[in-house]
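Asks: Please find one structure pasted underneath; my questions will follow.
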There are 6 protein chains.
Amino acid sequence: MKKLTHIDDTGRANMVDVGHKSQQSRSATAEGFISLNAETVKLVGENQMKKGDVLTVAEIAGIQGAKRTSELIPLCHNLLLTKVEVNCALTASGVKATCTANCIGQTGVEMEALTGVQVALLTIYDMCKAVDKSMVISNVRLTEKTKSDL
Amino acid sequence: MKKLTHIDDTGRANMVDVGHKSQQSRSATAEGFISLNAETVKLVGENQMKKGDVLTVAEIAGIQGAKRTSELIPLCHNLLLTKVEVNCALTASGVKATCTANCIGQTGVEMEALTGVQVALLTIYDMCKAVDKSMVISNVRLTEKTKSDL
Amino acid sequence: MKKLTHIDDTGRANMVDVGHKSQQSRSATAEGFISLNAETVKLVGENQMKKGDVLTVAEIAGIQGAKRTSELIPLCHNLLLTKVEVNCALTASGVKATCTANCIGQTGVEMEALTGVQVALLTIYDMCKAVDKSMVISNVRLTEKTKSDL
Amino acid sequence: MKKLTHIDDTGRANMVDVGHKSQQSRSATAEGFISLNAETVKLVGENQMKKGDVLTVAEIAGIQGAKRTSELIPLCHNLLLTKVEVNCALTASGVKATCTANCIGQTGVEMEALTGVQVALLTIYDMCKAVDKSMVISNVRLTEKTKSDL
Amino acid sequence: MKKLTHIDDTGRANMVDVGHKSQQSRSATAEGFISLNAETVKLVGENQMKKGDVLTVAEIAGIQGAKRTSELIPLCHNLLLTKVEVNCALTASGVKATCTANCIGQTGVEMEALTGVQVALLTIYDMCKAVDKSMVISNVRLTEKTKSDL
Amino acid sequence: MKKLTHIDDTGRANMVDVGHKSQQSRSATAEGFISLNAETVKLVGENQMKKGDVLTVAEIAGIQGAKRTSELIPLCHNLLLTKVEVNCALTASGVKATCTANCIGQTGVEMEALTGVQVALLTIYDMCKAVDKSMVISNVRLTEKTKSDL
């Protein structure tokens, strides 16, 4: 059984204070992969999916998802993203999604890049699920993170 | 039939990078019109609509809509609006809505002003649709856009 | 000067009660137009806009906007849309957007169809505003509304 | 009966302009209380509520609610919160919720602190309502507000 | 210090399953109070507040807030509200807010009614805070809850 | 280069019509994994993470994320979920997240289950990223999907 919480502050959820951090130009890139079977890859490549142009819808959804990261992730700070780019590239075995997010602010943008990737991959899943029952999302990770003074 | 997308980057949806732009004081004003029939104009003017005070509800909805522009328009940047004002003026043939949005930021606020107008006009439509079946929204456009250094 | 409000209930904003209405299959179609200059029409048609594929992004934004109608329009009821379709058709002088929304529920879906049109048109405005300074949105109206018993 | 509105601008809803205000480090703390009966206090303290760990869920909900203040309160400005902290402390007669919000910006954060408290208290209400029919939320107020130059 | 969580399922946050409950017509009414000083009461009554018509804005915000209850309260179910009504009544010492929410569904609407009250009261706080530094929200509670078979 | 779109309807994004489908009791379960290094696993297990109780926050975020699926995934229908459950189980090498979503409706809930998993895993990433730079999310997939007549 779980014990009484809040005897002291250890373990209490909190947003870390970024008020003392300097405004910097920040960027992060994340990627991930969704496996598709061969027939699905063919249908996506020929833009024959019933729900529409899979890669384009996924890219747009990813951009919009990245902008809403702080609503989804409880302890994320709201940021003013200066750019979001999502690229969904069809391969022989699925789609690789990459997202780069930039901001000028007091905290990093890796969660925004990762959220952009995840929402893009979920959108692909949604658009292909009528024909492909074995899709798996994998290898979602941060590939680059930079910051530089203004 | 639509061809395979993403042979190269042409046509890929993307948020333009505003990270290099300077912080400026920016303002935009937009307007639009919804036609109402004579009986509807009279009811709105006398505040006899069943759903309530049409012009006031529309103005408040417009302000709230302007604040959510970046959620609605996929490639819009999130901005910190310093002021939003929506004015719904009853005329003999309908309502003219005007919205001014201000911010200090790296990109313009014309979409926020336009979204404020559109949400105000849609709200008027909603509140009058029980009695008026011929409303048309028209002439939605930007009327002014300024920026100045801080 | 505006007088004291709420002496009685007249004019108070309220959501009308739809609890007594029967579940019906409902559909509504709305349309609207955004004027573009000739050069912009050409760029959209050739998919050369810097922000991406204008018509596709607008259609997706319109679908998503229609789903959020009750958040934007204060006195709209939340509905379970069974289908939303947005069509953005390029003409010689601009883009005509059409949206059809369906639901099975206790109230009509005309606001959802109109909101889908407006968000699609605003998205086109956003994607073309770097090259076209004279766009105007007009003729936004309901073109069809049906309901039938289940 | 309510009179015709908008004869002049008096009484029109508007977001006040904060564009001229300086960027300052701002903080606000608010608190509030929800009364629980003795049996409910015992169940919360022993973490035996069917819906889960009441205090922890309430704290997380409060943080998320504070971040969405400008969506809920029509005339609030969107802010970039640098920290939000919510503390729900169980007492012999209920739970006292405290929220501190910080930002660097042009306007104060008291509404964010108050919203954090209210959403936390509503969450406690939701999680305990199956067993306690007499809960009352009271004494919700601002306890501290500071600002300092950067 | 807080101990390791999740040794078993006790205390895990979860939405209770309402899938087995019958569709019923449900209603709930909640109320709450915000104290205002005498000068503020006078200004609200004369509609002289700088931010606009306090009672009307609060009522609209309350309706919109009630519709978003399931986004704010983590374990609340999304509902299709058939009606929401918010009434803000000015008294000699403040404003009493009342909210009634109705739905046809599988679970009660008390959280929607309470959220409508809380958002209305927070909106009043926001609109009066420039002139009143001693407002307190109190006595927020459920006053009625009914359900009946269809 | 990408060719002119919309020569015909092929490839146009659209929400499929579910209006003709019967109301059924539907359930879906999805899972996924995030790898953590040994030190991070130890810190999570001892609830020593600076941002708070990782597993609990992730479970709550997952529940809330599942409820917002139709906002994130452009062509998903809004649903009334009757239950969402998220379970984050710590293993020797990371956390396995499982989400079950139920609804009574006209379309399946697999996207809700998958979105619950993804938001939970992203939340874990966010809470551990200060101490673990090599986390990878993988094996996100549907494990069960059922429907039955009412």
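For the structure tokens, the naming scheme is as follows: chains receive sequential letters (A, B, ...) according to their order of presentation, residues are indexed from 1 within each chain, and ligands are indexed from 1 in presentation order.
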Determine which residues of chain C DSSP labels as strand (DSSP E) from the backbone of this structure, then write them out as a PDB file with N, CA and C atoms, in the first residue's frame.
Replies:
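As a result, states38.pdb now contains:
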```
ATOM      1  N   GLN C  24     -31.029  13.328 -33.451  1.00  0.00           N
ATOM      2  CA  GLN C  24     -31.277  13.216 -34.888  1.00  0.00           C
ATOM      3  C   GLN C  24     -29.955  13.227 -35.633  1.00  0.00           C
ATOM      4  N   SER C  25     -30.008  12.748 -36.848  1.00  0.00           N
ATOM      5  CA  SER C  25     -28.849  12.832 -37.733  1.00  0.00           C
ATOM      6  C   SER C  25     -28.869  14.216 -38.374  1.00  0.00           C
ATOM      7  N   ARG C  26     -27.840  14.986 -38.146  1.00  0.00           N
ATOM      8  CA  ARG C  26     -27.819  16.379 -38.579  1.00  0.00           C
ATOM      9  C   ARG C  26     -26.612  16.660 -39.467  1.00  0.00           C
ATOM     10  N   SER C  27     -26.801  17.547 -40.422  1.00  0.00           N
ATOM     11  CA  SER C  27     -25.709  17.914 -41.321  1.00  0.00           C
ATOM     12  C   SER C  27     -25.831  19.385 -41.670  1.00  0.00           C
ATOM     13  N   ALA C  28     -24.707  20.035 -41.885  1.00  0.00           N
ATOM     14  CA  ALA C  28     -24.741  21.423 -42.347  1.00  0.00           C
ATOM     15  C   ALA C  28     -23.550  21.648 -43.260  1.00  0.00           C
ATOM     16  N   THR C  29     -23.752  22.495 -44.248  1.00  0.00           N
ATOM     17  CA  THR C  29     -22.675  22.875 -45.161  1.00  0.00           C
ATOM     18  C   THR C  29     -22.584  24.393 -45.222  1.00  0.00           C
ATOM     19  N   ALA C  30     -21.360  24.897 -45.135  1.00  0.00           N
ATOM     20  CA  ALA C  30     -21.134  26.333 -45.231  1.00  0.00           C
ATOM     21  C   ALA C  30     -20.031  26.586 -46.248  1.00  0.00           C
ATOM     22  N   GLU C  31     -19.962  27.799 -46.726  1.00  0.00           N
ATOM     23  CA  GLU C  31     -18.905  28.145 -47.665  1.00  0.00           C
ATOM     24  C   GLU C  31     -18.443  29.573 -47.428  1.00  0.00           C
ATOM     25  N   GLY C  32     -17.319  29.915 -48.043  1.00  0.00           N
ATOM     26  CA  GLY C  32     -16.791  31.267 -47.964  1.00  0.00           C
ATOM     27  C   GLY C  32     -15.683  31.420 -48.994  1.00  0.00           C
ATOM     28  N   PHE C  33     -15.246  32.639 -49.182  1.00  0.00           N
ATOM     29  CA  PHE C  33     -14.282  32.922 -50.249  1.00  0.00           C
ATOM     30  C   PHE C  33     -13.217  33.885 -49.745  1.00  0.00           C
ATOM     31  N   ILE C  34     -11.973  33.653 -50.168  1.00  0.00           N
ATOM     32  CA  ILE C  34     -10.910  34.625 -49.929  1.00  0.00           C
ATOM     33  C   ILE C  34     -10.342  35.039 -51.277  1.00  0.00           C
ATOM     34  N   SER C  35     -10.315  36.340 -51.512  1.00  0.00           N
ATOM     35  CA  SER C  35      -9.769  36.844 -52.779  1.00  0.00           C
ATOM     36  C   SER C  35      -8.246  36.881 -52.709  1.00  0.00           C
ATOM     37  N   LEU C  81     -19.011  15.187 -33.463  1.00  0.00           N
ATOM     38  CA  LEU C  81     -19.101  15.203 -34.922  1.00  0.00           C
ATOM     39  C   LEU C  81     -18.773  13.824 -35.476  1.00  0.00           C
ATOM     40  N   THR C  82     -19.599  13.340 -36.357  1.00  0.00           N
ATOM     41  CA  THR C  82     -19.327  12.041 -36.976  1.00  0.00           C
ATOM     42  C   THR C  82     -18.517  12.190 -38.261  1.00  0.00           C
ATOM     43  N   LYS C  83     -18.490  13.377 -38.795  1.00  0.00           N
ATOM     44  CA  LYS C  83     -17.685  13.635 -39.994  1.00  0.00           C
ATOM     45  C   LYS C  83     -17.494  15.135 -40.166  1.00  0.00           C
ATOM     46  N   VAL C  84     -16.308  15.522 -40.617  1.00  0.00           N
ATOM     47  CA  VAL C  84     -16.059  16.902 -41.045  1.00  0.00           C
ATOM     48  C   VAL C  84     -15.270  16.814 -42.336  1.00  0.00           C
ATOM     49  N   GLU C  85     -15.671  17.589 -43.305  1.00  0.00           N
ATOM     50  CA  GLU C  85     -14.931  17.614 -44.566  1.00  0.00           C
ATOM     51  C   GLU C  85     -14.763  19.069 -44.979  1.00  0.00           C
ATOM     52  N   VAL C  86     -13.548  19.438 -45.332  1.00  0.00           N
ATOM     53  CA  VAL C  86     -13.276  20.800 -45.793  1.00  0.00           C
ATOM     54  C   VAL C  86     -12.638  20.703 -47.169  1.00  0.00           C
ATOM     55  N   ASN C  87     -13.138  21.507 -48.084  1.00  0.00           N
ATOM     56  CA  ASN C  87     -12.635  21.513 -49.456  1.00  0.00           C
ATOM     57  C   ASN C  87     -12.237  22.932 -49.816  1.00  0.00           C
ATOM     58  N   CYS C  88     -10.973  23.144 -50.150  1.00  0.00           N
ATOM     59  CA  CYS C  88     -10.495  24.462 -50.582  1.00  0.00           C
ATOM     60  C   CYS C  88     -10.187  24.399 -52.066  1.00  0.00           C
ATOM     61  N   ALA C  89     -10.978  25.107 -52.856  1.00  0.00           N
ATOM     62  CA  ALA C  89     -10.849  25.037 -54.315  1.00  0.00           C
ATOM     63  C   ALA C  89     -10.289  26.342 -54.852  1.00  0.00           C
ATOM     64  N   LEU C  90      -9.169  26.236 -55.556  1.00  0.00           N
ATOM     65  CA  LEU C  90      -8.530  27.417 -56.131  1.00  0.00           C
ATOM     66  C   LEU C  90      -9.288  27.861 -57.379  1.00  0.00           C
ATOM     67  N   THR C  91      -9.581  29.156 -57.456  1.00  0.00           N
ATOM     68  CA  THR C  91     -10.224  29.707 -58.654  1.00  0.00           C
ATOM     69  C   THR C  91      -9.284  30.764 -59.237  1.00  0.00           C
ATOM     70  N   GLY C  94      -9.127  33.519 -56.342  1.00  0.00           N
ATOM     71  CA  GLY C  94      -8.973  33.243 -54.918  1.00  0.00           C
ATOM     72  C   GLY C  94      -9.242  31.798 -54.598  1.00  0.00           C
ATOM     73  N   VAL C  95      -9.706  31.561 -53.381  1.00  0.00           N
ATOM     74  CA  VAL C  95     -10.011  30.194 -52.949  1.00  0.00           C
ATOM     75  C   VAL C  95     -11.413  30.180 -52.348  1.00  0.00           C
ATOM     76  N   LYS C  96     -12.205  29.218 -52.784  1.00  0.00           N
ATOM     77  CA  LYS C  96     -13.512  28.980 -52.192  1.00  0.00           C
ATOM     78  C   LYS C  96     -13.384  27.806 -51.228  1.00  0.00           C
ATOM     79  N   ALA C  97     -13.738  28.037 -49.987  1.00  0.00           N
ATOM     80  CA  ALA C  97     -13.698  26.973 -48.978  1.00  0.00           C
ATOM     81  C   ALA C  97     -15.110  26.510 -48.669  1.00  0.00           C
ATOM     82  N   THR C  98     -15.284  25.206 -48.596  1.00  0.00           N
ATOM     83  CA  THR C  98     -16.574  24.608 -48.260  1.00  0.00           C
ATOM     84  C   THR C  98     -16.350  23.626 -47.126  1.00  0.00           C
ATOM     85  N   CYS C  99     -17.240  23.621 -46.161  1.00  0.00           N
ATOM     86  CA  CYS C  99     -17.120  22.673 -45.054  1.00  0.00           C
ATOM     87  C   CYS C  99     -18.472  22.025 -44.793  1.00  0.00           C
ATOM     88  N   THR C 100     -18.462  20.699 -44.695  1.00  0.00           N
ATOM     89  CA  THR C 100     -19.649  19.961 -44.286  1.00  0.00           C
ATOM     90  C   THR C 100     -19.356  19.280 -42.956  1.00  0.00           C
ATOM     91  N   ALA C 101     -20.261  19.460 -42.010  1.00  0.00           N
ATOM     92  CA  ALA C 101     -20.141  18.804 -40.707  1.00  0.00           C
ATOM     93  C   ALA C 101     -21.393  17.985 -40.463  1.00  0.00           C
ATOM     94  N   ASN C 102     -21.190  16.787 -39.929  1.00  0.00           N
ATOM     95  CA  ASN C 102     -22.305  15.892 -39.584  1.00  0.00           C
ATOM     96  C   ASN C 102     -22.223  15.536 -38.106  1.00  0.00           C
ATOM     97  N   CYS C 103     -23.382  15.322 -37.505  1.00  0.00           N
ATOM     98  CA  CYS C 103     -23.377  14.730 -36.162  1.00  0.00           C
ATOM     99  C   CYS C 103     -24.694  14.009 -35.935  1.00  0.00           C
ATOM    100  N   ILE C 104     -24.703  13.188 -34.918  1.00  0.00           N
ATOM    101  CA  ILE C 104     -25.953  12.639 -34.402  1.00  0.00           C
ATOM    102  C   ILE C 104     -26.101  13.250 -33.021  1.00  0.00           C
ATOM    103  N   GLY C 105     -27.107  14.106 -32.887  1.00  0.00           N
ATOM    104  CA  GLY C 105     -27.200  14.799 -31.614  1.00  0.00           C
ATOM    105  C   GLY C 105     -28.460  15.600 -31.489  1.00  0.00           C
ATOM    106  N   VAL C 136      -9.201  39.634 -49.049  1.00  0.00           N
ATOM    107  CA  VAL C 136     -10.453  39.919 -48.338  1.00  0.00           C
ATOM    108  C   VAL C 136     -11.269  38.622 -48.263  1.00  0.00           C
ATOM    109  N   ILE C 137     -11.803  38.338 -47.095  1.00  0.00           N
ATOM    110  CA  ILE C 137     -12.667  37.163 -46.896  1.00  0.00           C
ATOM    111  C   ILE C 137     -14.119  37.628 -47.005  1.00  0.00           C
ATOM    112  N   SER C 138     -14.906  36.916 -47.791  1.00  0.00           N
ATOM    113  CA  SER C 138     -16.290  37.370 -48.008  1.00  0.00           C
ATOM    114  C   SER C 138     -17.204  36.180 -48.259  1.00  0.00           C
ATOM    115  N   ASN C 139     -18.474  36.497 -48.273  1.00  0.00           N
ATOM    116  CA  ASN C 139     -19.510  35.538 -48.644  1.00  0.00           C
ATOM    117  C   ASN C 139     -19.497  34.263 -47.794  1.00  0.00           C
ATOM    118  N   VAL C 140     -19.198  34.410 -46.533  1.00  0.00           N
ATOM    119  CA  VAL C 140     -19.231  33.265 -45.615  1.00  0.00           C
ATOM    120  C   VAL C 140     -20.682  33.067 -45.171  1.00  0.00           C
ATOM    121  N   ARG C 141     -21.231  31.907 -45.498  1.00  0.00           N
ATOM    122  CA  ARG C 141     -22.652  31.703 -45.231  1.00  0.00           C
ATOM    123  C   ARG C 141     -22.989  30.210 -45.213  1.00  0.00           C
ATOM    124  N   LEU C 142     -24.112  29.913 -44.630  1.00  0.00           N
ATOM    125  CA  LEU C 142     -24.629  28.549 -44.587  1.00  0.00           C
ATOM    126  C   LEU C 142     -25.315  28.262 -45.920  1.00  0.00           C
ATOM    127  N   THR C 143     -25.027  27.118 -46.516  1.00  0.00           N
ATOM    128  CA  THR C 143     -25.674  26.801 -47.794  1.00  0.00           C
ATOM    129  C   THR C 143     -26.669  25.655 -47.680  1.00  0.00           C
ATOM    130  N   GLU C 144     -26.515  24.842 -46.638  1.00  0.00           N
ATOM    131  CA  GLU C 144     -27.455  23.733 -46.504  1.00  0.00           C
ATOM    132  C   GLU C 144     -27.489  23.275 -45.051  1.00  0.00           C
ATOM    133  N   LYS C 145     -28.658  22.856 -44.614  1.00  0.00           N
ATOM    134  CA  LYS C 145     -28.800  22.330 -43.256  1.00  0.00           C
ATOM    135  C   LYS C 145     -29.916  21.303 -43.286  1.00  0.00           C
ATOM    136  N   THR C 146     -29.591  20.091 -42.817  1.00  0.00           N
ATOM    137  CA  THR C 146     -30.604  19.035 -42.836  1.00  0.00           C
ATOM    138  C   THR C 146     -30.632  18.323 -41.495  1.00  0.00           C
ATOM    139  N   LYS C 147     -31.768  17.715 -41.216  1.00  0.00           N
ATOM    140  CA  LYS C 147     -31.838  16.793 -40.081  1.00  0.00           C
ATOM    141  C   LYS C 147     -32.829  15.699 -40.425  1.00  0.00           C
ATOM    142  N   SER C 148     -32.581  14.517 -39.885  1.00  0.00           N
ATOM    143  CA  SER C 148     -33.500  13.410 -40.137  1.00  0.00           C
ATOM    144  C   SER C 148     -33.508  12.497 -38.922  1.00  0.00           C
ATOM    145  N   ASP C 149     -34.642  11.857 -38.714  1.00  0.00           N
ATOM    146  CA  ASP C 149     -34.747  10.955 -37.575  1.00  0.00           C
ATOM    147  C   ASP C 149     -33.854   9.737 -37.785  1.00  0.00           C
TER     148      ASP C 149
END
```
Asks: Please return, as a PyMOL selection string, all residues of chain E that DSSP assigns to helix (DSSP H, G or I) on the basis of the backbone.
Replies: chain E and resi 38-45+54-67+69-72+110-128
Asks: So that each row is one residue of chain A with an atom at most 12 Å from chain C, can you give its shortest atom pair and the distance in Å to one decimal, using only C-alpha atoms, rows by chain and rising number, as a Markdown table?
Replies:
```
| residue | atom | partner | partner_atom | distance |
| --- | --- | --- | --- | --- |
| A:Lys51 | CA | C:Glu85 | CA | 10.7 |
| A:Gly52 | CA | C:Thr56 | CA | 9.8 |
| A:Asp53 | CA | C:Thr56 | CA | 8.8 |
| A:Val54 | CA | C:Thr56 | CA | 11.4 |
| A:Leu55 | CA | C:Thr56 | CA | 11.5 |
| A:Thr56 | CA | C:Thr56 | CA | 8.1 |
| A:Val57 | CA | C:Ile60 | CA | 7.2 |
| A:Ala58 | CA | C:Ile60 | CA | 10.3 |
| A:Glu59 | CA | C:Val57 | CA | 9.9 |
| A:Ile60 | CA | C:Val57 | CA | 7.2 |
| A:Ala61 | CA | C:Ile60 | CA | 8.9 |
| A:Ile63 | CA | C:Val57 | CA | 11.4 |
| A:Gln64 | CA | C:Ala61 | CA | 9.9 |
| A:Lys83 | CA | C:Lys51 | CA | 11.7 |
| A:Val84 | CA | C:Lys51 | CA | 11.7 |
| A:Glu85 | CA | C:Lys51 | CA | 10.7 |
```
Asks: Mind giving me the straight-line distance from CA of Gln118 in chain E to CA of Val131 in chain E in Å, one decimal?
Replies: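 We find that CA of Gln118 in chain E and CA of Val131 in chain E lie 20.6 Å from each other.
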Asks: Quick one: of E:Gly116, E:Met49, E:Pro74, E:Thr107, who's nearest to Ala130 in chain D, counting only C-alpha atoms?
Replies: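 Between E:Gly116, E:Met49, E:Pro74, E:Thr107, the residue approaching Ala130 in chain D most closely is E:Thr107.
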